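Single-structure report; data block below.
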Amino acid sequence: MKLSKSLKLAVVALAASCVTMAASAQDNVLLGAGSTFVNPLFSKMFSQYTASKVNYQSIGSGGGILQLTNKTVDFGDSDAPLNDDQTKKMSAQVLHIPMTSGAVVVTYNVPGVAGGLKLSGKDLADIYLGKVTKWNSPEVKDSNPGVSLPDLPIVVIHRSDGSGTSFIFTDFLTKVNPEWASKVGKASAVNWPAGLGGKGNEGVAGLVKQTPGAIGYVELAYAVQNKMPFAAIQNKSGKFITPTLEATTLASNVVIPADSKVSITNTDNPKGYPIASFTWALIYKEQNYGGRSKVRATELVKLLWWNIHQGQANCAPLNYAPLSKSAVKVAETILKSATYGGKAIL
């Protein structure tokens with residue numbers, strides 16, 4: 001049966017309408033991927049945000065950076081700024097927008113030691129170098145007078161995936177142990193001298209929980225939610241600091257550069273916890289790429305603007321440090337620099 005000209009035009013108009021509606025619906029679902037470190041906070045934020053839906057995949061900072069490089073997500077999230085190699089692989093300038101700061105904690109499974117363990121940065125690095133191998137070694141005992149430490153091998157657990165949490169951890173170890181700095185260094189993924197790998201916070205936590213003698217590192221909110229013990233870590237002033245929201249906030253109370261890329265590990269603040277970091281949402285400065293609509297670009301910038309303002313109310317209840325006023329100001333300026341077709345989005 002042949003369709004009349006008017007009916008054909010109606011079908012074409014209907015199809016175009018459907019395509020427009022589908023595109024509109026798609027623009028209302030933003031895609032993100034990256035840091036597991038910030039996932040508990042993002043889960044809460046995105047459940048409250050109503051202007052658009054957000055599908056965030058907690059696959060590690062390295063995965064998020066790769067997805068942004070391949071332009072399969074609207075934003076990545078990383079607990080470390082892009083390094084030179086990652087920056088070169090991006091097709092255009094990438095903005096770093098601070099979302100919050102948080103602590104990486106050292107968790108452990110030592111029979112008979114339910115809590116209160118203390119570790120210096122040097123000894124922690126030596127444990128991960130495979131040099132300190134027993135819980136009752138002189139190095140660990142010196143930091144824990146009066147604690148009955150077992151004659152038990154230390155089982156080192158580390159991340160197996162590219163991870164901003166690993167970057168924070170190794171950034172700290174690099175600053176406090178010259179041998180670590182020369183042999184291993186800092187990166188989202190390093191050649192670990194010892195131990196077993198677990199994927200994500202979940203994988204590391206699972207291995208620590210099931211392995212007597214294990215030691216690992218996860219982010220604070222994850223450890224608190226899963227009732228995992230964590231050690232007090234010696235800071236630059238020589239004080240053993242238990243990771244708390246207050247101690248993390250003190251560590252992040254620093255001057256924020258215009259591009260927001262700053263390291264706060266091994267803080268100078270005598271009351272600050274030394275293994276802490278900002279986490280950054282990563283977006284392309286120019287949002288007009290790959291057929292993206294201006295609507296979608298605007299929705300993305302509005303989401304991140306909400307995160308650094310109203311969304312900050314979710315930080316403290318989940319053991320993340322809210323952004324300082326100076327950090328918010330820097331984040332606002334960076335977001336205002338995002339463009340579509342060369343024109344500011346905000």
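We name chains A, B, ... following the order of the structure tokens; residues begin at 1 in each chain, and ligands are numbered from 1 as shown.
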
Polymer residues at most 9 Å from His158 in chain A, only C-alpha atoms, same-chain spacing of 5 or more positions, as a compact mmCIF listing (two decimals) with N, CA and C atoms, in the first residue's frame:
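Everything below was put into part.txt:
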# COMPACT_ATOMS: atom_id res chain seq x y z
N TYR A 128 55.66 -2.00 52.94
CA TYR A 128 55.26 -2.18 51.55
C TYR A 128 56.44 -2.45 50.62
N SER A 166 45.65 4.72 45.34
CA SER A 166 47.06 4.30 45.31
C SER A 166 47.97 5.49 45.08
N TRP A 192 54.51 -2.87 42.50
CA TRP A 192 54.56 -3.13 43.94
C TRP A 192 55.66 -4.13 44.27
N ALA A 194 55.98 -5.92 46.93
CA ALA A 194 55.50 -7.05 47.71
C ALA A 194 53.99 -7.05 47.75
N GLY A 195 53.43 -8.22 48.08
CA GLY A 195 52.02 -8.27 48.41
C GLY A 195 51.08 -8.81 47.35
N LEU A 196 49.78 -8.76 47.71
CA LEU A 196 48.69 -9.25 46.88
C LEU A 196 47.83 -8.08 46.43
N GLY A 197 47.27 -8.18 45.23
CA GLY A 197 46.45 -7.10 44.70
C GLY A 197 44.97 -7.38 44.80
N GLY A 198 44.20 -6.35 45.13
CA GLY A 198 42.75 -6.43 45.15
C GLY A 198 42.17 -5.30 44.34
N LYS A 199 41.08 -5.55 43.64
CA LYS A 199 40.49 -4.52 42.78
C LYS A 199 39.53 -3.65 43.58
N VAL A 204 40.47 -4.77 48.17
CA VAL A 204 41.49 -4.63 49.22
C VAL A 204 40.88 -4.97 50.58
N ILE A 215 47.59 -6.18 55.93
CA ILE A 215 47.55 -4.72 56.02
C ILE A 215 47.19 -4.19 54.63
N GLY A 216 46.36 -3.15 54.59
CA GLY A 216 45.95 -2.58 53.31
C GLY A 216 45.56 -1.13 53.48
N TYR A 217 45.10 -0.52 52.42
CA TYR A 217 44.70 0.88 52.48
C TYR A 217 43.40 1.07 51.71

**Message:** Excluding Leu323 in chain A and its own-chain neighbours fewer than 5 positions away, which residues fall within 9 Å of it when counting only C-alpha atoms? Please give them as a list in words.
**Reply:** Pro98, Met99, Thr100, Ser101, Thr249, Ser252, Phe278, Ile308, His309, Gln312, Cys315 and Val328 of chain A

**Message:** Considering only helix (DSSP H, G or I) as DSSP defines it on the backbone, what residues of range 23-244 of chain A qualify? List them as an MDAnalysis selection string.
**Reply:** chainID A and resid 23:27 39:48 61:69 84:89 121:128 138:143 164:176 178:183 200:210 220:225

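Proximity to Glu139 in chain A at 12 Å, evaluated using only C-alpha atoms and with sequence-adjacent residues fewer than 4 positions away removed, yields Lys118, Leu119, Ser120, Gly121, Lys122, Asp123, Leu124, Ala125, Asp126, Ile127, Lys131, Val132, Thr133, Lys134, Trp135, Ser143, Asn144, Pro145 and Leu149 of chain A.
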
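Separating CA of Ile168 in chain A from CA of Ala181 in chain A is a distance of 13.6 Å.
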
**Prompt:** So how far away is CA of Glu299 in chain A from CA of Asn28 in chain A, in Å?
**Reply:** 7.4 Å

**Shell of 8 Å around Leu303 in chain A, only C-alpha atoms, local chain residues under 3 positions omitted, as a list in words** =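 So the residues in contact are Tyr49, Ala51, Ser52, Glu299, Leu300, Trp306 and Asn307 of chain A.
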
Take the residues that were just selected and, keeping N, CA and C atoms, output them as a PDB file, in the first residue's frame.
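Result went into selection_14.pdb, see below:
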ATOM      1  N   TYR A  49      20.335  14.684  43.586  1.00  0.00           N
ATOM      2  CA  TYR A  49      20.275  15.639  42.485  1.00  0.00           C
ATOM      3  C   TYR A  49      19.119  15.276  41.554  1.00  0.00           C
ATOM      4  N   ALA A  51      17.848  17.460  38.852  1.00  0.00           N
ATOM      5  CA  ALA A  51      17.789  18.125  37.551  1.00  0.00           C
ATOM      6  C   ALA A  51      18.122  17.176  36.404  1.00  0.00           C
ATOM      7  N   SER A  52      18.944  16.185  36.666  1.00  0.00           N
ATOM      8  CA  SER A  52      19.268  15.165  35.671  1.00  0.00           C
ATOM      9  C   SER A  52      19.674  13.898  36.402  1.00  0.00           C
ATOM     10  N   GLU A 299      23.872  20.758  31.248  1.00  0.00           N
ATOM     11  CA  GLU A 299      23.459  19.878  32.354  1.00  0.00           C
ATOM     12  C   GLU A 299      24.670  19.400  33.157  1.00  0.00           C
ATOM     13  N   LEU A 300      25.753  19.100  32.459  1.00  0.00           N
ATOM     14  CA  LEU A 300      26.971  18.628  33.129  1.00  0.00           C
ATOM     15  C   LEU A 300      27.546  19.713  34.034  1.00  0.00           C
ATOM     16  N   TRP A 306      26.363  22.265  41.329  1.00  0.00           N
ATOM     17  CA  TRP A 306      25.565  21.814  42.485  1.00  0.00           C
ATOM     18  C   TRP A 306      26.436  21.020  43.460  1.00  0.00           C
ATOM     19  N   ASN A 307      27.310  20.181  42.923  1.00  0.00           N
ATOM     20  CA  ASN A 307      28.194  19.373  43.778  1.00  0.00           C
ATOM     21  C   ASN A 307      29.046  20.245  44.701  1.00  0.00           C
TER      22      ASN A 307
END

**Request:** Report as a list in words: the residues of range 204-334 of chain A with a DSSP assignment of strand (DSSP E), based on the backbone of this structure.
**Result:** Ala214, Ile215, Gly216, Tyr217, Val218, Glu219, Ala232, Ile233, Gln234, Phe240, Ile241, Ala276, Ser277, Phe278, Thr279, Trp280, Ala281, Leu282, Ile283 and Tyr284 of chain A

**Request:** Might you pull out every residue within 12 Å of Ala276 in chain A, with only C-alpha atoms counted and same-chain residues fewer than 3 positions away left off, and present them as a ChimeraX atom specification?
**Result:** /A:37,79-80,100-106,164-172,218-220,233,235,241-253,262-267,272-273,279,320-321

Got time to write the residues from that selection, C-alpha atoms, as a compact mmCIF listing (two decimals), in the first residue's frame?
# COMPACT_ATOMS: atom_id res chain seq x y z
CA PHE A 37 37.60 6.85 46.76
CA ASP A 79 42.15 11.39 43.13
CA ALA A 80 45.28 12.54 41.32
CA THR A 100 35.92 17.22 48.25
CA SER A 101 38.91 16.00 50.22
CA GLY A 102 39.21 12.74 52.06
CA ALA A 103 41.60 10.48 53.91
CA VAL A 104 43.19 7.19 52.91
CA VAL A 105 43.47 4.95 55.95
CA VAL A 106 45.72 2.00 56.71
CA GLY A 164 43.75 7.48 42.73
CA THR A 165 43.74 5.95 46.20
CA SER A 166 47.06 4.30 45.31
CA PHE A 167 48.37 7.63 44.03
CA ILE A 168 47.56 9.31 47.35
CA PHE A 169 49.12 6.45 49.30
CA THR A 170 52.30 6.27 47.19
CA ASP A 171 52.56 10.07 47.07
CA PHE A 172 52.78 10.00 50.88
CA VAL A 218 41.19 2.11 51.72
CA GLU A 219 39.42 5.43 51.94
CA LEU A 220 38.10 6.56 55.33
CA ILE A 233 49.87 7.58 61.15
CA ASN A 235 52.74 13.15 60.51
CA ILE A 241 47.22 11.25 63.98
CA THR A 242 44.04 9.19 63.85
CA PRO A 243 42.18 9.85 60.59
CA THR A 244 39.10 11.92 61.38
CA LEU A 245 37.06 14.48 59.50
CA GLU A 246 38.67 17.26 61.55
CA ALA A 247 42.22 16.02 60.89
CA THR A 248 41.45 15.66 57.16
CA THR A 249 40.02 19.18 57.03
CA LEU A 250 43.16 20.55 58.70
CA ALA A 251 45.33 18.75 56.13
CA SER A 252 43.36 20.34 53.27
CA ASN A 253 43.54 23.86 54.67
CA VAL A 262 47.75 20.51 44.70
CA SER A 263 49.06 17.71 46.90
CA ILE A 264 48.15 17.73 50.60
CA THR A 265 49.88 14.52 51.69
CA ASN A 266 52.43 14.84 54.51
CA THR A 267 50.80 18.11 55.56
CA GLY A 272 46.58 17.27 60.16
CA TYR A 273 46.28 13.67 59.01
CA THR A 279 39.46 14.37 44.43
CA TYR A 320 34.69 13.60 53.74
CA ALA A 321 35.96 17.14 54.30

**Prompt:** For Val254 in chain A, which of A:Ser324, A:Ala214, A:Asn201, A:Asp74 is the closest residue, counting only C-alpha atoms?
**Reply:**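 Looking at the shortest contact to Val254 in chain A, the residue is A:Ser324.
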
**Asked** Excluding same-chain residues fewer than 5 positions from Tyr56 in chain A, what lies within 9 Å of it counting only C-alpha atoms, as number ranges by chain?
**Response** A: 30-34, 39, 42-43, 46

**Prompt:** Just how far from CA of Asn226 in chain A is CA of Lys186 in chain A, in Å to one decimal?
**Reply:** 27.4 Å

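For the choices A:Gln57, A:Lys183, A:Leu318, A:Asn177, the atom-to-atom distance to Thr72 in chain A is smallest for A:Gln57 when using only C-alpha atoms.
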
Surrounding residues of Lys294 in chain A excluding itself and chain neighbours under 3 positions, 9 Å, only C-alpha atoms, as a short mmCIF file (atom, residue, chain, number, x, y, z; two decimals) with C-alpha atoms, in the first residue's frame:
data_model
loop_
_atom_site.label_atom_id
_atom_site.label_comp_id
_atom_site.auth_asym_id
_atom_site.auth_seq_id
_atom_site.Cartn_x
_atom_site.Cartn_y
_atom_site.Cartn_z
CA GLN A 287 32.23 20.83 25.49
CA ASN A 288 31.29 20.97 21.81
CA ALA A 297 27.02 20.32 28.22
CA THR A 298 24.93 22.72 30.29
CA GLU A 299 23.46 19.88 32.35
CA TYR A 340 30.49 25.40 24.20
CA GLY A 341 31.50 26.58 20.75
CA ILE A 345 28.38 27.87 29.41
#
